[in-house]
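Taking it in order: structure first as C-alpha cells, then the write-up.
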Amino acid sequence: MGADGNDIPLSAAQIPADDFADMRRENLARWPTGTEVDLDEAIEFHQSLPKHKQLGWVMRKAAAEGRCLTQPRGGFGTLELQLELMRALDGDGMADIVPTTTDSYTRNEQWSQADVGIEESKKEGRSMLNGFPMVNYGPKQTRKLIEAINKPAIVLSGTAMPRLTCEIGFAAGFTGYLGSGIAYTTSYTKDTSIAEGIRNYQYLDRLAVLYQEKGIDLHRRQPGFLTGTNVPPCIAIAVGVLDALLAAGQGVRNYGLELGQTLHLIQDAAAIQVCGELAHEYLAAAGFEDMFLPVTSLHWMGAWPQDEAQCAALVSYGGTLAAIGGAVSVTTKSTHESYGIPTPNANAEGLRTTRMAIYMARHIRLNELPEFQAEADLIRRETRPIIDRVLEMGDGDAALGAVRALEAGALDIPWSPNRFVQSRVMPARDLDGYLRVYDPGEMVFDPDVAEIHTERLMRRAEAEGVPYDQNLAVTSVYEISEPLDRLFPFPWGPE
Amino acid sequence: MGTKVVHTRGDITLVTGVIGADTHIVGNRILSMALEEAGFKVVALGALTPADEFIKAAIETAADGIMVSSLYGQGELDCRGFRELCIEAGLNDILLYVGGNLVVGKQDWADVEARYVDMGFDRAFANGTRVEEVIDTLDEDFAARAGGIA
C-alpha cells in the first residue's frame, strides 16, 4: 500500500498498526525536523510531566469539580517571542491552559515559506508570522516552550493537514491538540476534499492513541466554531458529535467539544447542555461508553468591533456565558481582536477579565427556567435528525456519511470556503437575539422546527421594517462589529 | 481639469480573492456579492488564493482592477512584489486594491497604508470599511480614469 494511507477505503475504522507505522515513516521524512521525533523518548518526557501540566488530567479534574478553565490563543513567529508570550499568558494572564497557535504557512505545510517568515521576523524585530512555526523549530527547540510554563499546553493549528505538526507537537510535550477532520476541512480549506481531511485527522487521533496506549492521557479537542460566523448550535453540535465518533474510532477517549458563543445567554447555556448530552448519547450508541467529552465555550468568533470598550464587553460577557453554561473551559479573545493578533499584555488582560466574570457567575445555572428548557428541546429536535441523516447516508459509518452529506448539503456549513461543501445554509439573528436559520439550503428540518425559525425571523424583519430576505443573514454577520453610535445610539436626540 | 465622464459599471471587471494561506472568506464573499449587485463584473477567486492566480485571472478576464483581501496578518509577506508581478505579466495600469487586517497586530493605520502604497497598491482599505464606501471609491477611481484625470 501507499504509505499515505490514501488507498485504504475511507471508513471510521481504526488504522491498523502496521499501516500506521508505514504512514508515520513516510510522514516524518517530509521535513528535516521529522527525524528528531522519537516516540519512546517523547513518552518518557510526558510521563515525567507533573499532573497539573497534563491537559487530559486537568480537563477531567475541572469537569469533576465544576470549574471553568481559561485558555487564550496565541502564537508568534520566533521561539524567543513565543517564550515571552507563553510566560506572560501563564503568569500575568493566569491562563489555566497555555496555547501555541501555529502560523498559516505551517498550517498549509508551506515550511519553506515559514522559514522566510522566521528570518523576516528576526530582521524586522517583530512577528511577521501569525503563529509559531513549530515544524521548522522541531520538537527539541519547541520543548523549551513546555519547560517555560507551569500549566498544560495545547496546540492550536487551524488546518486540514496536521500530520507533521502533530508529530512535532506531541513529541515536544504538548498534552492537548485542537483540530478535527470535518470541522477544519470545511472551515480552513478550499480544494481539500472532506475525505482527505478526515484521513489526516485519523492520523492525528491514531497518533494520540499511541501515546494513550502507554498511559499518556492526551486531550484531543474538536474545533466546533467552524467558520466562526453565526454557526447555529445544531450545526456545531452535529459536526462535533460526528468528529467525536471519528476520533473514538481511532481509539481516543479524552475528547473535548467546542461551541462558539451565539451571545444569547439562554441559547448558549442550552447549547452547552445539549452538546454534552447528545455527544454521550451517540458515542454510547456506537459502543463508546467510556468517553470523556467536556464542552468548551468560545468567545465570539465572528467580526469584532474596533472600539476596545465594546470589545471589553464581549470578553467579559463571554466569561459569563461560559460559566453559566457550565462549560469546562472557555477560549478567550482580547480587546485587540478586530485588529488580529493581540499583544501579550492585551491577551493577558482578556484572560483576567474573563476569569473575573467566571468567578462572579460560577454558581448560576439556568437549567430550571422554562425558556432554557424550551430552547434545549428545540436544539435537540434540530440536531438529532441531522446526525441521524448523516449516519444513514454513510450506512452507519460517520466518515462516509459526512462526506456524502456535505456533498449533498444534508449537512451544511455556513460561509464555508471549501468547494466540497454546499454552504447554502444561511443563519441570521432573530428579534430576541437567538441565532436561527433563515435559509436551510438542502438541510432538512422537521416542519414544525423550520416553522419556528421562519416565524422568529419574520418577526425581526417586520419589527425592523426590512424585507424578509438574505440581507437578514448578511447584516447579522456585521451586527456585533458595528460602532455603538450606529448599533445602539440614544434614540430621542434632536433631528 | 477634464470633463468627468461617467463610466458604466458593467464594463468594469474586478478580480476578488483572499491572498496567501488565508481562509477568511466571509467579508470577501459579501464584498463580491455587493460588487456584483452594484453592477460590476466580478471574478471571485475565493479564499487561499496565491498572488499569481490573481494575475492569471486578471489576464484571462481582461480585468480592470484586482481587489486583494487579507485578514490573517501575513498579508505583508504575501503582497510583497504584487505590483511587480503585474508589470511582468503586462498588466501595466491595472488598479490594485487591498483591504483587511493587513499586518500582524494593532499598528498605526497611516503607517500600514503607506507600506502598501509603497508596495504599489493604489488604495488600501482598513478593516471595518463597509462595501458602500468601497463602491463609491471604485466609482470615483474609474470615473477619474475614464475622464483622463490622473
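A note on labels: chains of the C-alpha cells are A, B, ... as shown, every chain counts residues from 1, and ligands are counted from 1 in their shown order.
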Interface list for chain B, partner chain A, 9 Å threshold, only C-alpha atoms, as JSON, numbers by chain: {"B": [20, 21, 22, 23, 24, 25, 26, 27, 29, 30, 46, 47, 48, 71, 72, 73, 74, 76, 77, 100, 101, 102, 103, 104, 105, 106, 107, 127, 128]}
Output C-alpha atoms for every residue in the selection just made, as an mmCIF file, in the first residue's frame.
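Heads up, here's the output in out19.cif:
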```cif
data_model
loop_
_atom_site.group_PDB
_atom_site.id
_atom_site.type_symbol
_atom_site.label_atom_id
_atom_site.label_comp_id
_atom_site.auth_asym_id
_atom_site.auth_seq_id
_atom_site.Cartn_x
_atom_site.Cartn_y
_atom_site.Cartn_z
ATOM 1 C CA GLY B 20 -1.983 33.593 0.508
ATOM 2 C CA ALA B 21 -2.733 30.904 3.065
ATOM 3 C CA ASP B 22 -5.693 32.872 4.423
ATOM 4 C CA THR B 23 -9.084 31.244 4.743
ATOM 5 C CA HIS B 24 -11.176 34.246 5.935
ATOM 6 C CA ILE B 25 -13.811 34.206 3.206
ATOM 7 C CA VAL B 26 -16.856 35.851 4.761
ATOM 8 C CA GLY B 27 -16.094 39.533 4.210
ATOM 9 C CA ARG B 29 -17.776 36.931 -0.223
ATOM 10 C CA ILE B 30 -20.049 39.718 1.000
ATOM 11 C CA GLY B 46 -12.349 32.834 -3.052
ATOM 12 C CA ALA B 47 -10.085 32.012 -0.127
ATOM 13 C CA LEU B 48 -6.483 30.731 -0.196
ATOM 14 C CA LEU B 71 -7.353 39.166 7.279
ATOM 15 C CA TYR B 72 -4.826 36.921 8.959
ATOM 16 C CA GLY B 73 -1.895 39.284 9.401
ATOM 17 C CA GLN B 74 0.543 37.739 6.930
ATOM 18 C CA GLU B 76 2.518 41.973 4.329
ATOM 19 C CA LEU B 77 4.558 38.943 3.252
ATOM 20 C CA GLY B 100 -8.494 43.871 5.718
ATOM 21 C CA ASN B 101 -6.218 43.302 8.694
ATOM 22 C CA LEU B 102 -3.058 43.919 6.726
ATOM 23 C CA VAL B 103 -0.363 43.411 9.362
ATOM 24 C CA VAL B 104 0.233 41.318 12.467
ATOM 25 C CA GLY B 105 -1.367 43.074 15.427
ATOM 26 C CA LYS B 106 -2.641 46.553 16.136
ATOM 27 C CA GLN B 107 -0.483 49.102 14.301
ATOM 28 C CA ASN B 127 -10.636 46.659 8.447
ATOM 29 C CA GLY B 128 -14.250 47.635 9.038
#
```
Go through chain B and collect every residue that DSSP, computed from the backbone, puts in helix (DSSP H, G or I); the answer should be as a CSV table (one decimal) with N, CA and C atoms, in the first residue's frame.
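Saved to states25.csv:
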```csv
chain,number,residue,atom,x,y,z
B,9,ARG,N,-20.6,50.7,-14.9
B,9,ARG,CA,-20.1,49.7,-14.0
B,9,ARG,C,-20.0,48.3,-14.7
B,10,GLY,N,-21.0,48.0,-15.6
B,10,GLY,CA,-21.0,46.8,-16.3
B,10,GLY,C,-19.8,46.6,-17.2
B,11,ASP,N,-19.1,47.6,-17.5
B,11,ASP,CA,-17.9,47.5,-18.4
B,11,ASP,C,-16.6,47.2,-17.6
B,26,VAL,N,-15.5,35.3,4.6
B,26,VAL,CA,-16.9,35.9,4.8
B,26,VAL,C,-17.0,37.3,4.2
B,27,GLY,N,-16.0,38.1,4.7
B,27,GLY,CA,-16.1,39.5,4.2
B,27,GLY,C,-15.9,39.6,2.7
B,28,ASN,N,-14.9,38.8,2.2
B,28,ASN,CA,-14.7,38.9,0.8
B,28,ASN,C,-15.9,38.4,0.0
B,29,ARG,N,-16.6,37.4,0.5
B,29,ARG,CA,-17.8,36.9,-0.2
B,29,ARG,C,-18.9,38.0,-0.2
B,30,ILE,N,-19.0,38.7,0.9
B,30,ILE,CA,-20.0,39.7,1.0
B,30,ILE,C,-19.7,40.9,0.1
B,31,LEU,N,-18.4,41.2,0.0
B,31,LEU,CA,-17.9,42.3,-0.9
B,31,LEU,C,-18.2,41.9,-2.3
B,32,SER,N,-17.8,40.6,-2.7
B,32,SER,CA,-18.1,40.2,-4.1
B,32,SER,C,-19.5,40.2,-4.4
B,33,MET,N,-20.4,39.8,-3.5
B,33,MET,CA,-21.8,39.8,-3.7
B,33,MET,C,-22.3,41.2,-4.0
B,34,ALA,N,-21.8,42.2,-3.1
B,34,ALA,CA,-22.2,43.6,-3.2
B,34,ALA,C,-21.7,44.2,-4.5
B,35,LEU,N,-20.5,43.9,-4.9
B,35,LEU,CA,-20.0,44.5,-6.1
B,35,LEU,C,-20.8,44.0,-7.3
B,36,GLU,N,-21.2,42.8,-7.3
B,36,GLU,CA,-22.0,42.2,-8.4
B,36,GLU,C,-23.3,42.9,-8.4
B,37,GLU,N,-23.9,43.0,-7.3
B,37,GLU,CA,-25.2,43.6,-7.1
B,37,GLU,C,-25.2,45.1,-7.6
B,51,ALA,N,-0.8,34.8,-5.1
B,51,ALA,CA,-0.7,36.0,-5.9
B,51,ALA,C,-0.8,35.8,-7.4
B,52,ASP,N,-0.1,34.7,-7.9
B,52,ASP,CA,-0.1,34.5,-9.3
B,52,ASP,C,-1.4,34.1,-9.9
B,53,GLU,N,-2.3,33.6,-9.0
B,53,GLU,CA,-3.6,33.2,-9.5
B,53,GLU,C,-4.5,34.5,-9.7
B,54,PHE,N,-4.3,35.5,-8.9
B,54,PHE,CA,-5.0,36.8,-9.1
B,54,PHE,C,-4.6,37.3,-10.5
B,55,ILE,N,-3.3,37.2,-10.8
B,55,ILE,CA,-2.8,37.8,-12.0
B,55,ILE,C,-3.2,37.1,-13.2
B,56,LYS,N,-3.2,35.7,-13.1
B,56,LYS,CA,-3.6,34.9,-14.2
B,56,LYS,C,-5.1,35.2,-14.5
B,57,ALA,N,-5.9,35.3,-13.5
B,57,ALA,CA,-7.3,35.5,-13.7
B,57,ALA,C,-7.5,36.9,-14.3
B,58,ALA,N,-6.7,37.9,-13.9
B,58,ALA,CA,-6.9,39.2,-14.4
B,58,ALA,C,-6.5,39.3,-15.9
B,59,ILE,N,-5.5,38.5,-16.3
B,59,ILE,CA,-5.2,38.4,-17.7
B,59,ILE,C,-6.3,37.8,-18.5
B,60,GLU,N,-6.7,36.6,-18.0
B,60,GLU,CA,-7.8,35.8,-18.7
B,60,GLU,C,-9.1,36.6,-18.9
B,75,GLY,N,-0.5,39.3,5.3
B,75,GLY,CA,-0.6,39.9,4.0
B,75,GLY,C,0.6,40.7,3.6
B,76,GLU,N,1.3,41.2,4.6
B,76,GLU,CA,2.5,42.0,4.3
B,76,GLU,C,3.6,41.1,3.6
B,77,LEU,N,3.7,39.8,4.0
B,77,LEU,CA,4.6,38.9,3.3
B,77,LEU,C,4.0,38.5,1.9
B,78,ASP,N,2.7,38.2,1.9
B,78,ASP,CA,2.0,37.7,0.7
B,78,ASP,C,2.0,38.8,-0.4
B,82,PHE,N,3.7,42.3,-5.5
B,82,PHE,CA,2.5,42.0,-6.3
B,82,PHE,C,2.4,42.9,-7.5
B,83,ARG,N,2.8,44.2,-7.3
B,83,ARG,CA,2.8,45.2,-8.5
B,83,ARG,C,3.8,44.7,-9.5
B,84,GLU,N,4.9,44.3,-9.1
B,84,GLU,CA,6.0,43.8,-10.0
B,84,GLU,C,5.5,42.6,-10.8
B,85,LEU,N,4.8,41.7,-10.1
B,85,LEU,CA,4.3,40.6,-10.8
B,85,LEU,C,3.3,41.0,-11.9
B,86,CYS,N,2.5,42.0,-11.6
B,86,CYS,CA,1.5,42.5,-12.6
B,86,CYS,C,2.2,43.1,-13.8
B,87,ILE,N,3.3,43.9,-13.5
B,87,ILE,CA,4.0,44.5,-14.6
B,87,ILE,C,4.7,43.5,-15.5
B,88,GLU,N,5.3,42.5,-14.8
B,88,GLU,CA,5.9,41.4,-15.6
B,88,GLU,C,5.0,40.7,-16.5
B,109,TRP,N,-2.7,52.9,11.5
B,109,TRP,CA,-3.2,52.7,10.1
B,109,TRP,C,-2.4,53.5,9.0
B,110,ALA,N,-2.0,54.7,9.4
B,110,ALA,CA,-1.3,55.6,8.4
B,110,ALA,C,0.0,54.9,7.9
B,111,ASP,N,0.7,54.3,8.9
B,111,ASP,CA,1.9,53.5,8.6
B,111,ASP,C,1.6,52.3,7.7
B,112,VAL,N,0.6,51.6,8.0
B,112,VAL,CA,0.2,50.4,7.3
B,112,VAL,C,-0.2,50.8,5.9
B,113,GLU,N,-1.0,51.8,5.7
B,113,GLU,CA,-1.4,52.3,4.4
B,113,GLU,C,-0.2,52.7,3.6
B,114,ALA,N,0.7,53.4,4.2
B,114,ALA,CA,1.9,53.9,3.5
B,114,ALA,C,2.7,52.7,3.0
B,115,ARG,N,2.8,51.7,3.8
B,115,ARG,CA,3.6,50.5,3.4
B,115,ARG,C,3.0,49.8,2.2
B,116,TYR,N,1.7,49.7,2.1
B,116,TYR,CA,1.0,49.1,1.0
B,116,TYR,C,1.0,50.0,-0.3
B,117,VAL,N,0.9,51.3,-0.1
B,117,VAL,CA,1.1,52.2,-1.2
B,117,VAL,C,2.5,52.1,-1.8
B,118,ASP,N,3.5,52.0,-0.9
B,118,ASP,CA,4.8,51.7,-1.4
B,118,ASP,C,5.0,50.5,-2.2
B,131,VAL,N,-19.0,48.0,2.4
B,131,VAL,CA,-19.0,47.9,1.0
B,131,VAL,C,-19.4,49.1,0.3
B,132,GLU,N,-20.3,49.9,0.9
B,132,GLU,CA,-20.8,51.1,0.2
B,132,GLU,C,-19.6,52.1,-0.1
B,133,GLU,N,-18.7,52.2,0.9
B,133,GLU,CA,-17.6,53.1,0.8
B,133,GLU,C,-16.7,52.6,-0.3
B,134,VAL,N,-16.5,51.2,-0.4
B,134,VAL,CA,-15.6,50.7,-1.4
B,134,VAL,C,-16.2,51.0,-2.8
B,135,ILE,N,-17.5,50.8,-3.0
B,135,ILE,CA,-18.2,51.0,-4.3
B,135,ILE,C,-18.0,52.5,-4.7
B,136,ASP,N,-18.3,53.4,-3.7
B,136,ASP,CA,-18.1,54.8,-4.0
B,136,ASP,C,-16.7,55.1,-4.5
B,137,THR,N,-15.7,54.5,-3.8
B,137,THR,CA,-14.3,54.8,-4.2
B,137,THR,C,-14.0,54.2,-5.6
B,138,LEU,N,-14.5,53.0,-5.9
B,138,LEU,CA,-14.3,52.5,-7.2
B,138,LEU,C,-14.9,53.4,-8.3
B,139,ASP,N,-16.1,53.9,-8.0
B,139,ASP,CA,-16.8,54.8,-9.0
B,139,ASP,C,-15.9,56.0,-9.2
B,140,GLU,N,-15.4,56.6,-8.1
B,140,GLU,CA,-14.5,57.7,-8.2
B,140,GLU,C,-13.3,57.4,-9.0
B,141,ASP,N,-12.6,56.3,-8.7
B,141,ASP,CA,-11.4,56.0,-9.4
B,141,ASP,C,-11.6,55.7,-10.9
B,142,PHE,N,-12.7,55.0,-11.2
B,142,PHE,CA,-12.9,54.6,-12.6
B,142,PHE,C,-13.4,55.8,-13.4
B,143,ALA,N,-14.1,56.7,-12.7
B,143,ALA,CA,-14.6,57.9,-13.4
B,143,ALA,C,-13.4,58.8,-13.7
B,144,ALA,N,-12.5,58.9,-12.7
B,144,ALA,CA,-11.3,59.7,-12.9
B,144,ALA,C,-10.5,59.1,-14.1
B,145,ARG,N,-10.4,57.8,-14.2
B,145,ARG,CA,-9.7,57.1,-15.2
B,145,ARG,C,-10.3,57.4,-16.6
B,146,ALA,N,-11.7,57.2,-16.6
B,146,ALA,CA,-12.4,57.4,-17.9
B,146,ALA,C,-12.3,58.8,-18.3
```
Those of segment 308-450 of chain A in DSSP strand (DSSP E), formatted as a PyMOL selection string: chain A and resi 329-331+426-429+435-439
Residue nearest Met119 of chain B among B:Val68, B:Cys79, B:Leu95, B:Ala62 (counting only C-alpha atoms):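 Nearest candidate to Met119 of chain B out of B:Val68, B:Cys79, B:Leu95, B:Ala62: B:Cys79.
Take atom CA of Asp205 of chain A and atom CA of Phe170 of chain A: the distance between them is 11.4 Å.
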Residue neighbourhood Gly99 of chain B, 6 Å, only C-alpha atoms, exclusion window fewer than 2 positions, as a VMD selection string: chain B and resid 69 124 to 126
Mind checking which residues fall within 7 Å of segment 12-16 of chain B, counting only C-alpha atoms, ignoring those fewer than 6 positions away in the same chain, and posting them as a PDB file with N, CA and C atoms, in the first residue's frame?
```
ATOM      1  N   SER B  32     -17.848  40.614  -2.689  1.00  0.00           N
ATOM      2  CA  SER B  32     -18.061  40.162  -4.072  1.00  0.00           C
ATOM      3  C   SER B  32     -19.549  40.208  -4.441  1.00  0.00           C
ATOM      4  N   PHE B  40     -20.988  45.656 -11.191  1.00  0.00           N
ATOM      5  CA  PHE B  40     -19.652  45.325 -11.690  1.00  0.00           C
ATOM      6  C   PHE B  40     -19.617  43.867 -12.144  1.00  0.00           C
ATOM      7  N   LYS B  41     -18.712  43.573 -13.078  1.00  0.00           N
ATOM      8  CA  LYS B  41     -18.430  42.165 -13.394  1.00  0.00           C
ATOM      9  C   LYS B  41     -17.402  41.674 -12.382  1.00  0.00           C
ATOM     10  N   VAL B  42     -17.712  40.584 -11.703  1.00  0.00           N
ATOM     11  CA  VAL B  42     -16.831  40.129 -10.626  1.00  0.00           C
ATOM     12  C   VAL B  42     -16.329  38.714 -10.905  1.00  0.00           C
ATOM     13  N   VAL B  43     -15.013  38.558 -10.815  1.00  0.00           N
ATOM     14  CA  VAL B  43     -14.410  37.231 -10.901  1.00  0.00           C
ATOM     15  C   VAL B  43     -13.923  36.890  -9.498  1.00  0.00           C
ATOM     16  N   ALA B  44     -14.683  36.042  -8.804  1.00  0.00           N
ATOM     17  CA  ALA B  44     -14.385  35.771  -7.392  1.00  0.00           C
ATOM     18  C   ALA B  44     -13.545  34.507  -7.266  1.00  0.00           C
ATOM     19  N   LEU B  45     -12.317  34.670  -6.775  1.00  0.00           N
ATOM     20  CA  LEU B  45     -11.400  33.515  -6.666  1.00  0.00           C
ATOM     21  C   LEU B  45     -11.494  32.828  -5.307  1.00  0.00           C
ATOM     22  N   PHE B  54      -4.271  35.481  -8.896  1.00  0.00           N
ATOM     23  CA  PHE B  54      -4.964  36.754  -9.122  1.00  0.00           C
ATOM     24  C   PHE B  54      -4.579  37.284 -10.500  1.00  0.00           C
ATOM     25  N   ALA B  58      -6.721  37.874 -13.859  1.00  0.00           N
ATOM     26  CA  ALA B  58      -6.859  39.232 -14.390  1.00  0.00           C
ATOM     27  C   ALA B  58      -6.527  39.265 -15.878  1.00  0.00           C
ATOM     28  N   ALA B  63      -9.206  42.063 -16.786  1.00  0.00           N
ATOM     29  CA  ALA B  63      -9.767  42.802 -15.659  1.00  0.00           C
ATOM     30  C   ALA B  63      -9.227  44.225 -15.586  1.00  0.00           C
ATOM     31  N   ASP B  64     -10.026  45.098 -14.971  1.00  0.00           N
ATOM     32  CA  ASP B  64      -9.635  46.493 -14.787  1.00  0.00           C
ATOM     33  C   ASP B  64      -9.064  46.745 -13.402  1.00  0.00           C
ATOM     34  N   GLY B  65      -9.391  45.844 -12.492  1.00  0.00           N
ATOM     35  CA  GLY B  65      -8.895  46.034 -11.132  1.00  0.00           C
ATOM     36  C   GLY B  65      -8.802  44.710 -10.402  1.00  0.00           C
ATOM     37  N   ILE B  66      -7.884  44.646  -9.423  1.00  0.00           N
ATOM     38  CA  ILE B  66      -7.767  43.470  -8.567  1.00  0.00           C
ATOM     39  C   ILE B  66      -7.996  43.920  -7.128  1.00  0.00           C
ATOM     40  N   MET B  67      -8.872  43.203  -6.436  1.00  0.00           N
ATOM     41  CA  MET B  67      -9.183  43.538  -5.051  1.00  0.00           C
ATOM     42  C   MET B  67      -8.716  42.401  -4.155  1.00  0.00           C
ATOM     43  N   VAL B  68      -7.630  42.668  -3.449  1.00  0.00           N
ATOM     44  CA  VAL B  68      -6.988  41.644  -2.623  1.00  0.00           C
ATOM     45  C   VAL B  68      -7.463  41.789  -1.178  1.00  0.00           C
TER      46      VAL B  68
END
```
Nearest residue to Pro447 of chain A from the set A:Glu479, A:Asp96, A:Glu382, A:Asp430 (distances using only C-alpha atoms): A:Glu382
Polymer residues at most 12 Å from Thr35 of chain A, only C-alpha atoms, same-chain spacing of 3 or more positions, as a list in words: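 Returned residues: Arg24, Arg25, Glu26, Asn27, Leu28, Ala29, Arg30, Trp31, Pro32, Asp38, Leu39, Val135, Gly138, Pro139, Lys140, Leu164, Glu167, Ile168 and Ala171 of chain A.
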Dump of N, CA and C atoms for the selected residues, as a CSV table (one decimal), in the first residue's frame:
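And here is the file that came out, result-v7.csv:
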```
chain,number,residue,atom,x,y,z
A,24,ARG,N,3.6,6.8,9.3
A,24,ARG,CA,4.5,7.7,10.1
A,24,ARG,C,5.9,7.8,9.5
A,25,ARG,N,6.4,6.7,9.0
A,25,ARG,CA,7.8,6.7,8.5
A,25,ARG,C,7.8,7.7,7.3
A,26,GLU,N,6.9,7.6,6.4
A,26,GLU,CA,6.9,8.5,5.3
A,26,GLU,C,6.6,10.0,5.7
A,27,ASN,N,5.7,10.1,6.6
A,27,ASN,CA,5.3,11.5,7.1
A,27,ASN,C,6.5,12.2,7.7
A,28,LEU,N,7.3,11.5,8.5
A,28,LEU,CA,8.3,12.1,9.3
A,28,LEU,C,9.5,12.5,8.4
A,29,ALA,N,9.6,11.9,7.2
A,29,ALA,CA,10.7,12.2,6.3
A,29,ALA,C,10.4,13.4,5.4
A,30,ARG,N,9.3,14.1,5.7
A,30,ARG,CA,8.9,15.2,4.8
A,30,ARG,C,9.7,16.5,5.1
A,31,TRP,N,10.2,16.6,6.3
A,31,TRP,CA,11.0,17.8,6.7
A,31,TRP,C,12.0,17.4,7.7
A,32,PRO,N,13.2,18.1,7.6
A,32,PRO,CA,14.4,17.6,8.4
A,32,PRO,C,14.0,17.3,9.9
A,38,ASP,N,11.2,11.1,18.4
A,38,ASP,CA,11.5,9.8,18.9
A,38,ASP,C,10.4,9.4,19.9
A,39,LEU,N,9.5,8.5,19.5
A,39,LEU,CA,8.3,8.3,20.3
A,39,LEU,C,8.6,7.8,21.7
A,135,VAL,N,7.0,23.2,13.2
A,135,VAL,CA,7.7,22.2,12.4
A,135,VAL,C,9.1,22.7,12.1
A,138,GLY,N,11.1,22.3,15.2
A,138,GLY,CA,11.3,20.9,15.6
A,138,GLY,C,11.0,20.7,17.0
A,139,PRO,N,10.9,19.4,17.4
A,139,PRO,CA,10.4,19.1,18.8
A,139,PRO,C,11.4,19.5,19.9
A,140,LYS,N,12.7,19.4,19.6
A,140,LYS,CA,13.7,19.7,20.7
A,140,LYS,C,13.6,21.2,21.1
A,164,LEU,N,2.3,16.3,10.2
A,164,LEU,CA,3.6,16.5,10.7
A,164,LEU,C,3.6,17.4,11.9
A,167,GLU,N,2.9,15.4,15.0
A,167,GLU,CA,4.1,14.6,15.5
A,167,GLU,C,5.0,15.5,16.3
A,168,ILE,N,5.3,16.7,15.7
A,168,ILE,CA,6.2,17.6,16.4
A,168,ILE,C,5.6,18.1,17.8
A,171,ALA,N,5.5,15.3,20.4
A,171,ALA,CA,6.9,14.9,20.8
A,171,ALA,C,7.5,16.0,21.6
```
7 Å contact set for Leu69 of chain A, only C-alpha atoms, chain neighbours under 4 positions out, as a list of chain:residue names: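 That gives A:Asp96, A:Val328, A:Ser329, A:Val330.
Rounded to one decimal, atom CA of Thr353 of chain A and atom CA of Ser316 of chain A lie 5.7 Å from each other.
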Long-range neighbours of segment 317-324 of chain A as a PyMOL selection string, 6 Å cut-off, only C-alpha atoms, 3 positions minimum in chain: chain A and resi 265+297+299+313-314+327+354+357-358+361-362+364-365
